[in-house]
Every structure is written in C-alpha cells, then in structure tokens.
>>> print(open('my_file_4.cif').read())   # mmCIF, C-alpha atoms
data_coords
loop_
_atom_site.label_atom_id
_atom_site.label_comp_id
_atom_site.auth_asym_id
_atom_site.auth_seq_id
_atom_site.Cartn_x
_atom_site.Cartn_y
_atom_site.Cartn_z
CA MET A 666 -17.86 -143.63 157.07
CA GLU A 667 -15.26 -145.77 155.31
CA ASP A 668 -15.40 -143.44 152.32
CA ALA A 669 -14.97 -140.35 154.47
CA LEU A 670 -11.96 -141.89 156.21
CA GLN A 671 -10.46 -142.84 152.87
CA LEU A 672 -11.01 -139.28 151.61
CA ILE A 673 -9.29 -137.82 154.66
CA ILE A 674 -6.32 -140.17 154.37
CA SER A 675 -5.77 -139.51 150.69
CA LYS A 676 -6.34 -135.75 150.68
CA TYR A 677 -5.41 -134.45 154.13
CA ASN A 678 -2.01 -133.20 152.95
CA TYR A 679 -3.65 -130.76 150.54
CA TRP A 680 -5.89 -129.47 153.31
CA ILE A 681 -2.86 -128.76 155.47
CA TYR A 682 -1.17 -126.78 152.70
CA ILE A 683 -4.36 -124.88 151.93
CA THR A 684 -4.73 -123.97 155.60
CA LEU A 685 -1.12 -122.77 155.73
CA MET A 686 -1.55 -120.86 152.48
CA MET A 687 -4.69 -119.15 153.74
CA ILE A 688 -2.91 -118.18 156.96
CA GLY A 689 -0.26 -116.55 154.79
CA LEU A 690 -2.84 -114.86 152.58
CA TRP A 691 -4.65 -113.55 155.66
CA GLY A 692 -1.37 -112.14 156.92
CA VAL A 693 -0.71 -110.39 153.62
CA ILE A 694 -4.23 -108.99 153.28
CA ALA A 695 -5.32 -108.09 156.78
CA LYS A 696 -2.25 -107.29 158.84
CA ASN A 697 -1.34 -103.67 159.18
CA ASN A 698 2.33 -104.02 159.97
CA LEU A 699 4.69 -104.45 157.02
CA VAL A 700 6.90 -107.00 158.79
CA LYS A 701 3.83 -109.11 159.57
CA LYS A 702 2.89 -108.92 155.90
CA ILE A 703 6.37 -110.20 155.00
CA VAL A 704 5.97 -113.04 157.52
CA GLY A 705 2.64 -113.87 155.86
CA MET A 706 4.34 -113.94 152.47
CA SER A 707 6.94 -116.38 153.82
CA ILE A 708 4.24 -118.68 155.22
CA PHE A 709 2.52 -118.61 151.83
CA GLN A 710 5.78 -119.59 150.11
CA THR A 711 6.32 -122.42 152.60
CA ALA A 712 2.87 -123.80 151.82
CA ILE A 713 3.65 -123.82 148.09
CA ILE A 714 7.00 -125.53 148.71
CA LEU A 715 5.37 -128.26 150.83
CA PHE A 716 2.69 -128.73 148.19
CA PHE A 717 5.25 -129.24 145.42
CA VAL A 718 7.39 -131.63 147.44
CA SER A 719 4.37 -133.75 148.31
CA MET A 720 3.42 -133.95 144.62
CA GLY A 721 6.65 -135.86 144.02
CA MET A 722 5.76 -138.53 146.56
CA LYS A 723 5.13 -142.08 145.35
CA LYS A 724 4.07 -144.86 147.69
CA GLY A 725 6.72 -147.54 148.10
CA ALA A 726 9.43 -145.52 146.34
CA THR A 727 12.74 -144.25 147.67
CA ILE A 728 14.68 -141.00 147.27
CA PRO A 729 15.73 -140.21 143.69
CA ILE A 730 19.35 -141.27 144.07
CA LEU A 731 19.82 -144.28 141.85
CA LEU A 732 21.46 -147.44 143.09
CA HIS A 733 24.54 -148.08 141.03
CA GLY A 734 27.58 -150.29 141.03
CA HIS A 735 27.71 -154.06 140.97
CA ALA A 736 24.82 -154.76 143.31
CA ALA A 737 22.22 -152.78 141.35
CA HIS A 738 20.47 -154.02 138.27
CA SER A 739 21.32 -152.10 135.16
CA SER A 740 18.14 -150.23 134.22
CA PRO A 741 16.31 -148.30 136.95
CA HIS A 742 12.50 -148.31 137.02
CA ALA A 743 10.69 -145.04 137.48
CA ALA A 744 8.25 -146.59 139.97
CA GLU A 745 11.07 -147.31 142.43
CA TYR A 746 12.15 -143.70 142.83
CA ILE A 747 10.12 -140.64 143.76
CA ASN A 748 9.70 -137.83 141.26
CA PRO A 749 12.88 -135.66 141.27
CA LEU A 750 11.38 -132.73 139.39
CA PRO A 751 9.44 -131.04 142.26
CA HIS A 752 12.52 -131.39 144.46
CA VAL A 753 14.62 -129.58 141.87
CA LEU A 754 12.09 -126.79 141.47
CA MET A 755 11.72 -126.29 145.21
CA LEU A 756 15.44 -126.51 145.88
CA THR A 757 15.95 -123.35 143.88
CA ALA A 758 12.68 -121.83 145.14
CA ILE A 759 13.80 -122.08 148.78
CA VAL A 760 17.02 -120.17 148.16
CA VAL A 761 15.25 -117.61 145.97
CA ALA A 762 12.61 -117.23 148.71
CA VAL A 763 15.34 -116.43 151.23
CA SER A 764 16.88 -113.82 148.91
CA THR A 765 13.54 -112.19 148.14
CA LEU A 766 12.82 -112.15 151.88
CA GLY A 767 16.09 -110.26 152.26
CA VAL A 768 15.03 -107.73 149.63
CA ALA A 769 11.59 -107.36 151.26
CA LEU A 770 13.18 -106.68 154.64
CA ALA A 771 15.57 -104.20 153.03
CA LEU A 772 12.59 -102.35 151.57
CA ALA A 773 10.94 -102.39 155.00
CA VAL A 774 14.09 -100.85 156.50
CA LYS A 775 13.98 -98.15 153.82
CA VAL A 776 10.30 -97.46 154.55
CA TYR A 777 11.06 -97.20 158.26
CA ARG A 778 13.88 -94.76 157.62
CA ARG A 779 11.63 -92.57 155.49
CA TYR A 780 8.44 -92.60 157.57
CA GLY A 781 9.55 -93.68 161.03
CA THR A 782 6.89 -96.37 161.23
CA LEU A 783 6.00 -99.73 159.71
CA GLU A 784 2.23 -99.45 160.25
CA GLU A 785 0.51 -99.21 156.91
CA ASP A 786 -2.25 -96.77 157.92
CA GLU A 787 0.22 -94.35 159.49
CA ILE A 788 2.38 -94.43 156.36
CA LEU A 789 -0.67 -93.77 154.15
CA GLU A 790 -1.67 -90.88 156.39
CA GLN A 791 1.78 -89.33 156.07
CA ILE A 792 1.68 -89.73 152.29
CA ARG A 793 -1.74 -88.07 152.10
CA LYS A 794 -0.61 -85.13 154.24
CA SER A 795 2.42 -84.34 152.15
CA MET B 898 -11.41 -104.18 155.98
CA LYS B 899 -10.49 -107.11 158.22
CA LEU B 900 -13.91 -108.69 157.64
CA LEU B 901 -13.51 -108.33 153.88
CA GLY B 902 -10.07 -109.95 154.13
CA LEU B 903 -11.46 -112.79 156.21
CA ALA B 904 -14.26 -113.32 153.67
CA ILE B 905 -11.77 -113.41 150.78
CA VAL B 906 -9.54 -115.87 152.63
CA ALA B 907 -12.47 -118.10 153.62
CA VAL B 908 -13.95 -118.16 150.11
CA THR B 909 -10.57 -118.86 148.47
CA GLY B 910 -9.81 -121.58 150.98
CA ALA B 911 -13.21 -123.18 150.49
CA PHE B 912 -12.79 -123.20 146.71
CA LEU B 913 -9.32 -124.71 147.00
CA ILE B 914 -10.49 -127.44 149.39
CA TRP B 915 -13.41 -128.18 147.05
CA ALA B 916 -10.93 -128.45 144.16
CA THR B 917 -8.79 -131.01 145.99
CA GLY B 918 -11.45 -133.61 145.15
CA GLU B 919 -9.94 -133.69 141.67
CA PHE B 920 -6.35 -133.88 142.89
CA PRO B 921 -4.42 -137.16 142.85
CA ASP B 922 -4.29 -139.06 146.13
CA TRP B 923 -1.26 -138.67 148.32
CA GLY B 924 1.59 -140.91 147.18
CA ASP B 925 -0.23 -142.07 144.06
CA PRO B 926 2.44 -143.42 141.66
CA HIS B 927 0.17 -142.65 138.69
CA SER B 928 -0.41 -138.99 139.49
CA PRO B 929 -0.01 -136.74 136.41
CA ALA B 930 3.10 -135.10 137.85
CA SER B 931 4.93 -138.44 137.86
CA LEU B 932 3.94 -139.63 134.41
CA HIS B 933 5.45 -137.39 131.77
CA VAL B 934 9.06 -136.27 132.02
CA SER B 935 10.09 -137.58 135.41
CA PRO B 936 10.28 -141.31 134.45
CA ARG B 937 12.62 -140.34 131.65
CA TYR B 938 14.85 -138.40 134.02
CA ILE B 939 15.02 -141.32 136.43
CA GLU B 940 15.65 -143.96 133.79
CA LYS B 941 18.19 -142.06 131.69
CA THR B 942 20.18 -140.05 134.20
CA LEU B 943 22.85 -142.70 134.83
CA GLU B 944 23.11 -143.56 131.17
CA GLU B 945 23.30 -139.96 129.93
CA THR B 946 25.11 -138.07 132.67
CA SER B 947 26.65 -140.75 134.94
CA VAL B 948 25.23 -138.87 137.94
CA PRO B 949 23.21 -141.17 140.22
CA ASN B 950 21.48 -138.33 142.07
CA ALA B 951 18.61 -137.50 139.72
CA VAL B 952 17.95 -134.19 141.51
CA THR B 953 21.47 -132.96 140.76
CA SER B 954 21.42 -134.02 137.12
CA VAL B 955 18.00 -132.48 136.50
CA LEU B 956 19.03 -129.32 138.33
CA ALA B 957 22.27 -128.64 136.52
CA ASP B 958 21.90 -130.46 133.23
CA TYR B 959 18.36 -131.11 132.01
CA ARG B 960 17.10 -127.86 133.51
CA GLY B 961 20.39 -125.96 133.36
CA TYR B 962 18.93 -122.73 132.00
CA ASP B 963 16.39 -122.57 134.82
CA THR B 964 19.07 -122.97 137.46
CA MET B 965 21.34 -120.44 135.78
CA PHE B 966 18.68 -117.78 135.92
CA GLU B 967 17.72 -118.74 139.48
CA THR B 968 21.34 -118.06 140.39
CA THR B 969 21.07 -114.75 138.58
CA VAL B 970 17.93 -113.94 140.58
CA ILE B 971 19.84 -114.58 143.81
CA PHE B 972 22.69 -112.39 142.61
CA ALA B 973 20.21 -109.65 141.68
CA ALA B 974 18.60 -109.92 145.13
CA GLY B 975 21.99 -109.49 146.78
CA VAL B 976 22.83 -106.49 144.63
CA SER B 977 19.47 -104.84 145.24
CA CYS B 978 19.82 -105.33 149.00
CA PHE B 979 23.20 -103.64 148.76
CA ILE B 980 21.87 -100.75 146.68
CA LEU B 981 18.82 -100.24 148.89
CA LEU B 982 20.54 -100.27 152.24
CA ARG B 983 24.22 -99.49 152.03
CA LEU B 984 25.14 -96.15 153.53
CA PHE B 985 28.52 -94.82 152.61
CA GLY B 986 28.63 -91.71 154.76
CA LYS B 987 30.21 -91.81 158.19
CA GLU B 988 27.86 -92.10 161.11
CA GLU B 989 27.19 -88.72 162.67
CA PRO B 990 29.66 -88.33 165.53
CA ASP B 991 27.17 -87.05 168.05
CA THR B 992 25.42 -90.39 168.47
CA VAL B 993 26.67 -92.64 171.22
CA HIS B 994 25.96 -96.30 171.88
CA TYR B 995 25.10 -97.57 175.33
CA ARG B 996 24.65 -101.12 176.44
CA HIS B 997 22.18 -102.02 179.16
CA LEU B 998 24.18 -104.26 181.48
CA LEU B 999 21.30 -106.40 182.74
CA THR B 1000 19.64 -107.24 179.43
CA GLY B 1001 22.48 -106.73 176.96
CA LEU B 1002 20.34 -104.39 174.87
CA THR B 1003 22.19 -101.76 172.89
CA ILE B 1004 20.68 -98.32 172.56
CA ARG B 1005 21.78 -95.37 170.48
CA VAL B 1006 21.49 -91.91 171.96
CA ARG B 1007 21.63 -88.75 169.88
CA ARG B 1008 23.86 -86.84 172.25
CA LYS B 1009 26.22 -88.09 174.92
CA ARG B 1010 24.42 -88.16 178.23
CA GLU B 1011 26.34 -88.30 181.50
CA GLY B 1012 23.25 -89.31 183.42
CA LEU B 1013 22.97 -92.70 181.79
CA GLU B 1014 26.38 -93.86 182.91
CA GLN B 1015 25.83 -92.64 186.45
CA LEU B 1016 22.71 -94.79 186.72
CA GLY B 1017 25.05 -97.78 186.85
CA GLU B 1018 22.94 -99.81 184.48
CA PHE B 1019 24.40 -98.61 181.20
CA GLU B 1020 27.84 -99.00 179.75
CA ARG B 1021 29.35 -96.77 177.09
CA MET B 1022 30.21 -98.59 173.84
CA ASP B 1023 32.36 -97.45 170.99
CA SER B 1024 33.36 -99.00 167.73
CA VAL B 1025 36.63 -100.35 169.14
CA TRP B 1026 35.11 -102.11 172.12
CA THR B 1027 32.35 -104.59 171.53
CA PRO B 1028 30.73 -106.86 174.07
CA HIS B 1029 31.75 -110.47 173.91
CA ASP B 1030 30.72 -113.68 175.51
CA LEU B 1031 33.50 -116.18 176.20
CA ILE B 1032 31.43 -119.36 175.91
CA LEU B 1033 29.71 -118.24 172.73
CA ARG B 1034 32.96 -117.14 171.11
CA THR B 1035 34.88 -120.30 171.98
CA LEU B 1036 32.11 -122.65 170.96
CA SER B 1037 31.49 -120.94 167.65
CA ARG B 1038 35.22 -120.84 166.91
CA PHE B 1039 35.25 -124.55 167.49
CA LEU B 1040 32.15 -125.21 165.39
CA ILE B 1041 32.77 -122.99 162.36
CA PRO B 1042 35.55 -125.09 160.76
CA PHE B 1043 33.40 -128.21 160.99
CA ILE B 1044 30.40 -126.42 159.51
CA GLN B 1045 32.56 -125.22 156.62
CA LEU B 1046 34.02 -128.67 156.06
CA PHE B 1047 30.52 -130.12 156.00
CA ALA B 1048 29.47 -127.44 153.52
CA LEU B 1049 32.33 -128.35 151.17
CA TYR B 1050 31.36 -132.01 151.50
CA VAL B 1051 27.74 -131.18 150.63
CA ILE B 1052 28.85 -129.28 147.52
CA ALA B 1053 31.40 -131.84 146.36
CA HIS B 1054 29.35 -134.93 147.13
CA GLY B 1055 26.16 -133.66 145.55
CA HIS B 1056 26.45 -136.20 142.75
CA HIS B 1057 26.10 -139.22 145.02
CA SER B 1058 24.13 -138.03 148.03
CA PRO B 1059 21.59 -135.31 148.79
CA GLY B 1060 23.39 -132.05 148.32
CA GLY B 1061 24.71 -129.63 145.76
CA GLY B 1062 25.62 -126.02 145.25
CA PHE B 1063 22.56 -124.38 146.75
CA GLN B 1064 22.55 -126.36 149.98
CA GLY B 1065 26.31 -126.28 150.46
CA GLY B 1066 26.46 -122.58 149.64
CA VAL B 1067 23.81 -121.80 152.23
CA ILE B 1068 25.67 -123.82 154.89
CA LEU B 1069 28.94 -122.10 154.02
CA GLY B 1070 27.21 -118.73 154.26
CA ALA B 1071 25.63 -119.71 157.58
CA SER B 1072 29.04 -120.47 159.06
CA LEU B 1073 30.23 -116.94 158.36
CA ILE B 1074 26.94 -115.46 159.54
CA LEU B 1075 27.40 -117.43 162.79
CA MET B 1076 30.80 -115.79 163.11
CA ALA B 1077 29.30 -112.36 162.57
CA ILE B 1078 26.64 -113.04 165.21
CA SER B 1079 28.81 -114.69 167.83
CA GLN B 1080 31.79 -112.34 167.60
CA ASP B 1081 31.12 -109.10 165.82
CA MET B 1082 30.61 -107.98 162.28
CA LYS B 1083 34.03 -106.35 162.07
CA SER B 1084 35.94 -109.60 162.57
CA ALA B 1085 33.70 -111.39 160.08
CA LEU B 1086 34.35 -108.61 157.57
CA ASP B 1087 38.09 -108.83 158.21
CA ARG B 1088 38.00 -112.44 157.08
CA LEU B 1089 35.82 -111.86 154.04
CA GLY B 1090 35.44 -108.21 153.13
CA GLU B 1091 32.53 -106.54 151.45
CA ARG B 1092 34.40 -106.06 148.18
CA THR B 1093 35.44 -109.72 148.12
CA LEU B 1094 31.87 -110.83 148.80
CA ALA B 1095 30.48 -108.74 145.96
CA MET B 1096 33.20 -110.06 143.66
CA LEU B 1097 32.54 -113.65 144.74
CA SER B 1098 28.82 -113.46 144.07
CA ALA B 1099 29.55 -112.13 140.60
CA ILE B 1100 32.26 -114.76 140.06
CA GLY B 1101 29.87 -117.55 141.02
CA VAL B 1102 27.34 -116.51 138.39
CA SER B 1103 30.16 -116.06 135.87
CA VAL B 1104 31.47 -119.57 136.56
CA TYR B 1105 28.04 -120.94 135.73
CA ALA B 1106 27.54 -118.83 132.62
CA GLY B 1107 31.19 -119.32 131.66
CA THR B 1108 30.83 -123.10 131.73
CA GLY B 1109 27.88 -122.71 129.38
CA ALA B 1110 29.81 -120.35 127.14
CA LEU B 1111 32.79 -122.71 127.09
CA CYS B 1112 30.53 -125.41 125.68
CA LEU B 1113 29.40 -122.90 123.07
CA VAL B 1114 33.02 -122.10 122.15
CA LEU B 1115 33.81 -125.81 121.81
CA GLY B 1116 31.16 -126.08 119.14
CA SER B 1117 28.16 -127.38 121.03
CA ASN B 1118 24.98 -125.95 122.53
CA PHE B 1119 25.02 -123.58 125.50
CA LEU B 1120 25.34 -125.66 128.71
CA ASP B 1121 25.75 -128.91 126.76
CA TYR B 1122 28.54 -130.27 128.91
CA ALA B 1123 29.35 -133.16 126.59
CA ALA B 1124 31.52 -130.69 124.68
CA LEU B 1125 33.84 -130.43 127.69
CA ALA B 1126 35.07 -133.96 126.97
CA GLU B 1127 37.84 -132.47 124.83
CA ILE B 1128 39.18 -130.44 127.74
CA PHE B 1129 38.89 -133.05 130.47
CA ARG B 1130 40.00 -135.90 128.16
CA VAL B 1131 37.19 -138.20 129.29
CA ASP B 1132 34.22 -139.69 127.45
CA PRO B 1133 31.22 -137.36 126.89
CA VAL B 1134 29.05 -138.98 129.60
CA GLU B 1135 31.74 -138.50 132.23
CA ALA B 1136 32.25 -134.94 130.97
CA ARG B 1137 28.61 -134.15 131.77
CA SER B 1138 29.20 -135.17 135.37
CA LEU B 1139 32.28 -132.93 135.58
CA GLY B 1140 30.42 -130.06 133.92
CA ILE B 1141 27.65 -130.40 136.51
CA PHE B 1142 30.29 -130.24 139.24
CA LEU B 1143 31.76 -127.01 137.82
CA VAL B 1144 28.33 -125.46 137.69
CA GLU B 1145 27.54 -126.53 141.25
CA VAL B 1146 30.74 -124.90 142.50
CA GLY B 1147 29.68 -121.68 140.78
CA VAL B 1148 26.24 -121.85 142.38
CA GLY B 1149 27.79 -122.56 145.79
CA ILE B 1150 30.09 -119.52 145.62
CA ALA B 1151 27.31 -117.22 144.42
CA VAL B 1152 24.80 -118.38 147.06
CA MET B 1153 27.35 -118.15 149.89
CA ALA B 1154 28.48 -114.64 149.02
CA THR B 1155 24.95 -113.38 148.45
CA MET B 1156 23.62 -114.76 151.75
CA ILE B 1157 26.43 -113.10 153.70
CA LEU B 1158 26.03 -109.84 151.78
CA ILE B 1159 22.28 -109.74 152.49
CA TYR B 1160 22.86 -110.55 156.17
CA HIS B 1161 25.52 -107.90 156.65
CA ASN B 1162 23.46 -105.20 155.01
CA LEU B 1163 20.25 -106.09 156.83
CA ALA B 1164 21.72 -106.66 160.28
CA SER B 1165 23.62 -103.38 160.39
CA GLN B 1166 21.09 -101.41 158.33
CA GLY B 1167 23.70 -100.77 155.70
CA ARG B 1168 26.38 -99.27 157.95
CA LEU B 1169 28.40 -102.50 158.22
CA ASP B 1170 29.72 -101.47 161.61
CA GLU B 1171 28.39 -103.46 164.52
CA GLY B 1172 25.54 -105.59 163.37
CA LEU B 1173 23.08 -107.18 165.75
#
>>> encode(input="my_file_4.cif", output="structure tokens")
Amino acid sequence: MEDALQLIISKYNYWIYITLMMIGLWGVIAKNNLVKKIVGMSIFQTAIILFFVSMGMKKGATIPILLHGHAAHSSPHAAEYINPLPHVLMLTAIVVAVSTLGVALALAVKVYRRYGTLEEDEILEQIRKS
Amino acid sequence: MKLLGLAIVAVTGAFLIWATGEFPDWGDPHSPASLHVSPRYIEKTLEETSVPNAVTSVLADYRGYDTMFETTVIFAAGVSCFILLRLFGKEEPDTVHYRHLLTGLTIRVRRKREGLEQLGEFERMDSVWTPHDLILRTLSRFLIPFIQLFALYVIAHGHHSPGGGFQGGVILGASLILMAISQDMKSALDRLGERTLAMLSAIGVSVYAGTGALCLVLGSNFLDYAALAEIFRVDPVEARSLGIFLVEVGVGIAVMATMILIYHNLASQGRLDEGL
C-alpha cells in the first residue's frame, strides 16, 4: 500500500500527460471533422509542453533567475535553481505551435472553399467521384 | 475505424504508462535532464553573459541558432498563411451582408433580398457601417495602451524577470488583435497596415540574423555577441547582455507582426475587410 502510494505520488504527472496525449491522438485518428483533428493536434502539443516543463522541476529549487547583487553569494549552485533548458525549448515551442495552428486553420479554410465541407469522408467521396 | 483507433490509442497509452516506471520521479534533482548541461548554464550564466535570467541567456546566447530558426519558422508560418488565404480580387458586388438584430450574427446573402429587411429582424450592413458596442469599444480603448506598455516591459525586462521577445511579442500582438475584435478590422489595419506588418515580420528576423552577421563582420563567430563590445564600448560580458537584448527585440517584432498577420488572414478568410 505504501509502495503504491509512493508510486502514484512520484509518477502521477506522467500519467496525466499520457492521458492528455492519448486524448489528442484519439482526436487526430478517430474524429472525422478536420477542425476537431486540429484541436486534437493542439491537445497533443499541450501534453508534450507540460511534460517538458515538468522535467525541469527540482524539489526545493526556485525559478532559474539567479540572485545577484550584494545580498547573493557569488557562485550559484545548480541545485538551487530549476532546470532552465526545458523552459527555453517550450517557450519557443508554444509560439511555434500557435503559428502552425494558424497554418493548419488556413489549410482547413482552403479545403472548405474547395469542397464546401470539413468532414473527411465527404471530402474523400468528392475526390473519388472526380 | 473508430474501434481500430481506440485500440491503437489504448495500446500506445498502456505502453507509455508502463514505460513511466523507468522515468525519474517528479521533482527529482538528480534526474538525467538536470545533470548534464543545465548545471553549467545555471552556474556560468552570470559570469559569462551577465544576464541573471538563465532562460533568457540560454534562449538567445547558448542556443542562439535554435531560436533564430524558430523565429524563421514563425515568419514562414505567417507567410504561408498569407499565401494560402489572401484574396486580392474584389468581393463580388451581388453579395450583401445582413446582421440579425437579436443575436448579432452576420449573414451573407448572394443577392439582395427585400424580404429580409421587412421581417424586422435583419439589418443591412455595408463596408462603411459596422456594428459597434459602446462599452466594448471604450473599455478596450482604455486597456490597449496598458497592454502595450506591459508588453514593452516584458520585452525590455526579460533579462531580470520572466519575459523576453516571444512573450512580449505575443502580448503586443494580442493588444492589436483585441483592437481588431472590439472595433473592426479596418480601424486596426489603419493603425498597422498589411504591408507594414509583412515588412515588420521580415525586419524582426533580419534584426536577429543581422546581429549574428554583425558579429561575423567584427571578426568573431556568428551570434557570438562578445564581438559587439567594440561597438557598444563595454566589456565583452556586458556586450553579450546587450546583444541578447537586440536579438530579443528582433524576436518581439517578428512574433508580433506574424501573430497579427495570421489573425487578420484567418478571421476575414483572406479578404481583410470585416473580420469576425
């Protein structure tokens, strides 16, 4: 029982991201509507971003902005600050995700203009007919 | 098909959850991700770049190439949105816009119909007259300057507090998108036209790449800001901090212009007339 509780406490964050990621994957695979697929893709990206940010977490550490000036001691210790690298990677990934979402929606608008629908099966039917 | 999808999702999820047994515990200071390069970044950033915010110094200095090409990706996304959606022809004159008075919905009708107006529920719209809401307009006019000021603060103070070009650029873009939503797209475009936006997003990327090239011209590596010490007349460590600031300004301009460009093209489906 103790072990199980310990396992849940130390790993539950991964389970949350995996659940979110699978919701996104399900949206991309199974949904018929293109906009719903795009929403699924966004949820997937969010899960990855949360996963990366949580990898940078260290217990008992603060945000990676170093204390400086007279009050701080001269050489900072890595254990006192959380890992800045995942934050950097995700900072750019969030903005790139927004831009790619824009491109995906633009493509959806184009598809709608051409076929008059966003349902995948109806589009495929129209392609087969022509 | 749905069952197959569900099976794939369930199997993948089960495998991933099984694999988490090998993952480091949450908040473990000795996890592999925190052992290799990140201690060096934290311990050397003040000494090497004089920037206390490790995220900013890693973003713009240690991983400068990465960020430069991320900015290029954003620029490319803006350009491809523009190419995909922008329509240059005039809208066909036989379509007429009506607004439903009760719900505020706007509909477009192929030919002008007298019947709709006589129902009493619809109101004819044209490109000169657009619906407006007094409270929304006044409040957003009041808020936008503060949002923009905050955005500039986020860009400029990125060295000492959470912030930087990406975040500040997005806030700056959001302020103009708020203007386009709360008033109408025409007045937002009067302030910052399409041509200016496209130029600005290109200028932002050029500022970043130009800072790198300037270092190259001054006889150092690409994006090695220590070379800028000759121009700014400061010591090389201080010059890195100033170089990072230049780069962040470039990123901010590029992100702002691209966000607004994508919004305008998406919201009006490339006609840039009325928007949402």
>>> resolve_selection(input="my_file_4.cif", expression="the PyMOL selection byres ((chain B) within 6 of (chain A))", output="list in words")
Lys899, Gly902, Val906, Asp922, Trp923, Gly924, Asp925, Pro926, Ser931, Ser935, Pro936, Ile939, Glu940, Pro949, Asn950, Ala951, Val952, Leu956, Ile971, Ala974 and Cys978 of chain B
>>> write_last_selection(input="my_file_4.cif", atoms="C-alpha atoms", output="tab-separated table (two decimals), in the coordinates of the input")
chain	number	residue	atom	x	y	z
B	899	LYS	CA	-10.49	-107.11	158.22
B	902	GLY	CA	-10.07	-109.95	154.13
B	906	VAL	CA	-9.54	-115.87	152.63
B	922	ASP	CA	-4.29	-139.06	146.13
B	923	TRP	CA	-1.26	-138.67	148.32
B	924	GLY	CA	1.59	-140.91	147.18
B	925	ASP	CA	-0.23	-142.07	144.06
B	926	PRO	CA	2.44	-143.42	141.66
B	931	SER	CA	4.93	-138.44	137.86
B	935	SER	CA	10.09	-137.58	135.41
B	936	PRO	CA	10.28	-141.31	134.45
B	939	ILE	CA	15.02	-141.32	136.43
B	940	GLU	CA	15.65	-143.96	133.79
B	949	PRO	CA	23.21	-141.17	140.22
B	950	ASN	CA	21.48	-138.33	142.07
B	951	ALA	CA	18.61	-137.50	139.72
B	952	VAL	CA	17.95	-134.19	141.51
B	956	LEU	CA	19.03	-129.32	138.33
B	971	ILE	CA	19.84	-114.58	143.81
B	974	ALA	CA	18.60	-109.92	145.13
B	978	CYS	CA	19.82	-105.33	149.00
>>> atom_distance(input="my_file_4.cif", atom1="atom CA of B:Leu932", atom2="atom CA of A:Ile708")
29.5 Å
>>> closest_residue(input="my_file_4.cif", among="B:Val1114, B:Ile980, B:Leu1036, B:Ile1141", to="B:Gln1080", atoms="only C-alpha atoms")
B:Leu1036
>>> closest_residue(input="my_file_4.cif", among="B:Phe1019, B:Phe985, B:Val908, B:Leu1033", to="B:Thr1000", atoms="all atoms listed in the file")
B:Phe1019
>>> residues_near_point(input="my_file_4.cif", point="(32.2, -135.3, 131.1)", cutoff="8 Å", atoms="all atoms listed in the file", output="tab-separated table (two decimals) with C-alpha atoms, in the frame of the given file")
chain	number	residue	atom	x	y	z
B	946	THR	CA	25.11	-138.07	132.67
B	1122	TYR	CA	28.54	-130.27	128.91
B	1123	ALA	CA	29.35	-133.16	126.59
B	1124	ALA	CA	31.52	-130.69	124.68
B	1125	LEU	CA	33.84	-130.43	127.69
B	1126	ALA	CA	35.07	-133.96	126.97
B	1129	PHE	CA	38.89	-133.05	130.47
B	1131	VAL	CA	37.19	-138.20	129.29
B	1132	ASP	CA	34.22	-139.69	127.45
B	1133	PRO	CA	31.22	-137.36	126.89
B	1134	VAL	CA	29.05	-138.98	129.60
B	1135	GLU	CA	31.74	-138.50	132.23
B	1136	ALA	CA	32.25	-134.94	130.97
B	1137	ARG	CA	28.61	-134.15	131.77
B	1138	SER	CA	29.20	-135.17	135.37
B	1139	LEU	CA	32.28	-132.93	135.58
B	1140	GLY	CA	30.42	-130.06	133.92
>>> residues_around(input="my_file_4.cif", residues="stretch 1148-1158 of chain B", least_positions_apart="5", cutoff="8 Å", atoms="all atoms listed in the file", output="PyMOL selection string")
(chain A and resi 764) or (chain B and resi 968+971-972+974-975+979+1052+1061-1071+1073-1074+1091+1094-1095+1097-1102+1105)
>>> axis_aligned_box(input="my_file_4.cif", around="stretch 744-756 of chain A", padding_each_side="4 Å", output="JSON")
{"center_x": 11.8, "center_y": -136.8, "center_z": 142.6, "size_x": 15.2, "size_y": 29.0, "size_z": 14.5}
>>> residues_around(input="my_file_4.cif", residues="B:Tyr1050", least_positions_apart="5", cutoff="9 Å", atoms="only C-alpha atoms", output="NGL selection string")
:B and (1045 or 1055 or 1060 or 1065)
>>> atom_distance(input="my_file_4.cif", atom1="atom CA of B:Thr1003", atom2="atom CA of B:Leu981")
24.3 Å
>>> atom_distance(input="my_file_4.cif", atom1="atom CA of B:Leu1143", atom2="atom CA of B:Leu1113")
15.5 Å
>>> resolve_selection(input="my_file_4.cif", expression="the PyMOL selection byres ((chain B and resi 1169) around 12)", output="PyMOL selection string")
chain B and resi 979+982-988+1024+1077+1081-1087+1090-1091+1157-1168+1170-1173
>>> residues_around(input="my_file_4.cif", residues="stretch 779-790 of chain A", least_positions_apart="6", cutoff="10 Å", atoms="only C-alpha atoms", output="JSON, numbers by chain")
{"A": [696, 697, 698, 699, 700, 701, 773]}
